Amino acid sequence: MTWDNFTREEFACSHCGKNEIQDKAIDFAQELRDECGFPLIVTSGYRCPDHPAERSKMKPGTHSRGVAVDFGVSGGKARILAQIALRKSR
């Protein structure tokens, strides 16, 4: 599967390189990018259980299941992204 603005490699674990991101997470990221109309830089996608952010939790989170993505956006663009994401996730 391919996406217009993302590659699967962008979602790999920054700790070990393993990549178990789910296609549906990338699909959702692409939908958000299409609606936002501005680039979305992936700062975190899949996280292995040994990733420091996951090890600090009581139990692994959505990143370790490959269904969460963090983007590096700020200011007005962050507000736009949040509004679109909330609307689409309902």
# chains A, B, ... in the order shown; residues from 1 in each chain; ligands from 1
call {"tool": "residues_around", "arguments": {"residues": "A:Ala29", "least_positions_apart": "2", "cutoff": "10 Å", "atoms": "only C-alpha atoms", "output": "list in words"}}
result
Trp3, Asn5, Phe6, Asp23, Lys24, Ala25, Ile26, Asp27, Glu31, Leu32, Arg33, Asp34, Leu40, Val42, Ala68, Val69, Asp70, Phe71 and Ala85 of chain A
call {"tool": "write_last_selection", "arguments": {"atoms": "N, CA, C and O atoms", "output": "PDB file, in the first residue's frame"}}
result
ATOM      1  N   TRP A   3       0.902   5.730   0.129  1.00  0.00           N
ATOM      2  CA  TRP A   3       0.185   6.934   0.538  1.00  0.00           C
ATOM      3  C   TRP A   3       0.826   8.123  -0.163  1.00  0.00           C
ATOM      4  O   TRP A   3       2.034   8.124  -0.430  1.00  0.00           O
ATOM      5  N   ASN A   5       1.516  11.176   0.908  1.00  0.00           N
ATOM      6  CA  ASN A   5       2.420  12.040   1.669  1.00  0.00           C
ATOM      7  C   ASN A   5       3.242  11.333   2.736  1.00  0.00           C
ATOM      8  O   ASN A   5       3.985  11.998   3.468  1.00  0.00           O
ATOM      9  N   PHE A   6       3.100  10.031   2.854  1.00  0.00           N
ATOM     10  CA  PHE A   6       3.815   9.297   3.906  1.00  0.00           C
ATOM     11  C   PHE A   6       4.423   8.016   3.347  1.00  0.00           C
ATOM     12  O   PHE A   6       3.932   7.459   2.374  1.00  0.00           O
ATOM     13  N   ASP A  23      -1.882  -0.198   8.952  1.00  0.00           N
ATOM     14  CA  ASP A  23      -2.264   0.576   7.771  1.00  0.00           C
ATOM     15  C   ASP A  23      -3.340   1.601   8.103  1.00  0.00           C
ATOM     16  O   ASP A  23      -3.315   2.721   7.595  1.00  0.00           O
ATOM     17  N   LYS A  24      -4.272   1.231   8.985  1.00  0.00           N
ATOM     18  CA  LYS A  24      -5.359   2.162   9.309  1.00  0.00           C
ATOM     19  C   LYS A  24      -4.837   3.429   9.983  1.00  0.00           C
ATOM     20  O   LYS A  24      -5.419   4.500   9.820  1.00  0.00           O
ATOM     21  N   ALA A  25      -3.729   3.346  10.700  1.00  0.00           N
ATOM     22  CA  ALA A  25      -3.148   4.540  11.321  1.00  0.00           C
ATOM     23  C   ALA A  25      -2.555   5.451  10.243  1.00  0.00           C
ATOM     24  O   ALA A  25      -2.718   6.681  10.306  1.00  0.00           O
ATOM     25  N   ILE A  26      -1.891   4.862   9.253  1.00  0.00           N
ATOM     26  CA  ILE A  26      -1.336   5.675   8.169  1.00  0.00           C
ATOM     27  C   ILE A  26      -2.462   6.225   7.296  1.00  0.00           C
ATOM     28  O   ILE A  26      -2.403   7.372   6.853  1.00  0.00           O
ATOM     29  N   ASP A  27      -3.495   5.426   7.078  1.00  0.00           N
ATOM     30  CA  ASP A  27      -4.658   5.903   6.322  1.00  0.00           C
ATOM     31  C   ASP A  27      -5.250   7.147   6.986  1.00  0.00           C
ATOM     32  O   ASP A  27      -5.562   8.140   6.321  1.00  0.00           O
ATOM     33  N   GLU A  31      -5.552  10.990   5.652  1.00  0.00           N
ATOM     34  CA  GLU A  31      -6.814  11.740   5.626  1.00  0.00           C
ATOM     35  C   GLU A  31      -6.649  13.095   6.310  1.00  0.00           C
ATOM     36  O   GLU A  31      -7.138  14.115   5.814  1.00  0.00           O
ATOM     37  N   LEU A  32      -5.963  13.094   7.453  1.00  0.00           N
ATOM     38  CA  LEU A  32      -5.723  14.350   8.169  1.00  0.00           C
ATOM     39  C   LEU A  32      -4.889  15.294   7.312  1.00  0.00           C
ATOM     40  O   LEU A  32      -5.205  16.484   7.193  1.00  0.00           O
ATOM     41  N   ARG A  33      -3.839  14.774   6.702  1.00  0.00           N
ATOM     42  CA  ARG A  33      -2.965  15.591   5.847  1.00  0.00           C
ATOM     43  C   ARG A  33      -3.748  16.184   4.688  1.00  0.00           C
ATOM     44  O   ARG A  33      -3.601  17.361   4.357  1.00  0.00           O
ATOM     45  N   ASP A  34      -4.601  15.373   4.065  1.00  0.00           N
ATOM     46  CA  ASP A  34      -5.406  15.849   2.941  1.00  0.00           C
ATOM     47  C   ASP A  34      -6.315  17.004   3.356  1.00  0.00           C
ATOM     48  O   ASP A  34      -6.437  17.997   2.648  1.00  0.00           O
ATOM     49  N   LEU A  40       2.476  17.315   7.519  1.00  0.00           N
ATOM     50  CA  LEU A  40       2.455  16.776   8.872  1.00  0.00           C
ATOM     51  C   LEU A  40       3.711  15.929   9.036  1.00  0.00           C
ATOM     52  O   LEU A  40       3.900  14.956   8.313  1.00  0.00           O
ATOM     53  N   VAL A  42       5.826  13.337  11.045  1.00  0.00           N
ATOM     54  CA  VAL A  42       5.646  12.271  12.035  1.00  0.00           C
ATOM     55  C   VAL A  42       6.799  12.348  13.040  1.00  0.00           C
ATOM     56  O   VAL A  42       7.968  12.253  12.663  1.00  0.00           O
ATOM     57  N   ALA A  68      -1.318   4.656  16.839  1.00  0.00           N
ATOM     58  CA  ALA A  68      -1.225   6.062  17.236  1.00  0.00           C
ATOM     59  C   ALA A  68      -0.062   6.728  16.497  1.00  0.00           C
ATOM     60  O   ALA A  68       0.941   6.087  16.200  1.00  0.00           O
ATOM     61  N   VAL A  69      -0.237   8.005  16.223  1.00  0.00           N
ATOM     62  CA  VAL A  69       0.788   8.787  15.537  1.00  0.00           C
ATOM     63  C   VAL A  69       0.843  10.169  16.178  1.00  0.00           C
ATOM     64  O   VAL A  69      -0.190  10.765  16.464  1.00  0.00           O
ATOM     65  N   ASP A  70       2.054  10.656  16.401  1.00  0.00           N
ATOM     66  CA  ASP A  70       2.253  12.024  16.863  1.00  0.00           C
ATOM     67  C   ASP A  70       2.848  12.828  15.710  1.00  0.00           C
ATOM     68  O   ASP A  70       3.698  12.322  14.974  1.00  0.00           O
ATOM     69  N   PHE A  71       2.396  14.078  15.592  1.00  0.00           N
ATOM     70  CA  PHE A  71       2.902  14.971  14.560  1.00  0.00           C
ATOM     71  C   PHE A  71       3.556  16.179  15.202  1.00  0.00           C
ATOM     72  O   PHE A  71       3.103  16.648  16.252  1.00  0.00           O
ATOM     73  N   ALA A  85      -8.951  16.234  13.513  1.00  0.00           N
ATOM     74  CA  ALA A  85      -8.804  14.890  14.078  1.00  0.00           C
ATOM     75  C   ALA A  85      -9.978  14.543  14.989  1.00  0.00           C
ATOM     76  O   ALA A  85     -10.501  13.426  14.929  1.00  0.00           O
TER      77      ALA A  85
END
call {"tool": "select_by_dssp", "arguments": {"residues": "chain A", "states": "strand (DSSP E)", "output": "PDB file with N, CA and C atoms, in the first residue's frame"}}
result
ATOM      1  N   VAL A  42       5.826  13.337  11.045  1.00  0.00           N
ATOM      2  CA  VAL A  42       5.646  12.271  12.035  1.00  0.00           C
ATOM      3  C   VAL A  42       6.799  12.348  13.040  1.00  0.00           C
ATOM      4  N   THR A  43       6.464  12.532  14.309  1.00  0.00           N
ATOM      5  CA  THR A  43       7.485  12.541  15.352  1.00  0.00           C
ATOM      6  C   THR A  43       7.505  11.226  16.119  1.00  0.00           C
ATOM      7  N   SER A  44       6.407  10.479  16.061  1.00  0.00           N
ATOM      8  CA  SER A  44       6.356   9.169  16.702  1.00  0.00           C
ATOM      9  C   SER A  44       5.213   8.370  16.091  1.00  0.00           C
ATOM     10  N   ASP A  70       2.054  10.656  16.401  1.00  0.00           N
ATOM     11  CA  ASP A  70       2.253  12.024  16.863  1.00  0.00           C
ATOM     12  C   ASP A  70       2.848  12.828  15.710  1.00  0.00           C
ATOM     13  N   PHE A  71       2.396  14.078  15.592  1.00  0.00           N
ATOM     14  CA  PHE A  71       2.902  14.971  14.560  1.00  0.00           C
ATOM     15  C   PHE A  71       3.556  16.179  15.202  1.00  0.00           C
TER      16      PHE A  71
END
call {"tool": "closest_residue", "arguments": {"among": "A:Val73, A:His15, A:Glu35, A:Arg79", "to": "A:Arg55", "atoms": "only C-alpha atoms"}}
result
A:His15
call {"tool": "closest_residue", "arguments": {"among": "A:Phe38, A:Pro52, A:Thr2, A:Val67", "to": "A:Ile80", "atoms": "only C-alpha atoms"}}
result
A:Phe38
call {"tool": "select_by_dssp", "arguments": {"residues": "chain A", "states": "helix (DSSP H, G or I)", "output": "MDAnalysis selection string"}}
result
chainID A and resid 8:11 23:36 52:55 62:65 75:88
call {"tool": "atom_distance", "arguments": {"atom1": "atom CA of A:Ala78", "atom2": "atom CA of A:Gly37"}}
result
12.5 Å
call {"tool": "atom_distance", "arguments": {"atom1": "atom CA of A:Cys13", "atom2": "atom CA of A:Gly45"}}
result
6.7 Å
call {"tool": "closest_residue", "arguments": {"among": "A:Ala82, A:Ala53, A:Met58, A:Met1", "to": "A:Gln22", "atoms": "only C-alpha atoms"}}
result
A:Met1
call {"tool": "atom_distance", "arguments": {"atom1": "atom CA of A:His63", "atom2": "atom CA of A:Arg8"}}
result
14.5 Å
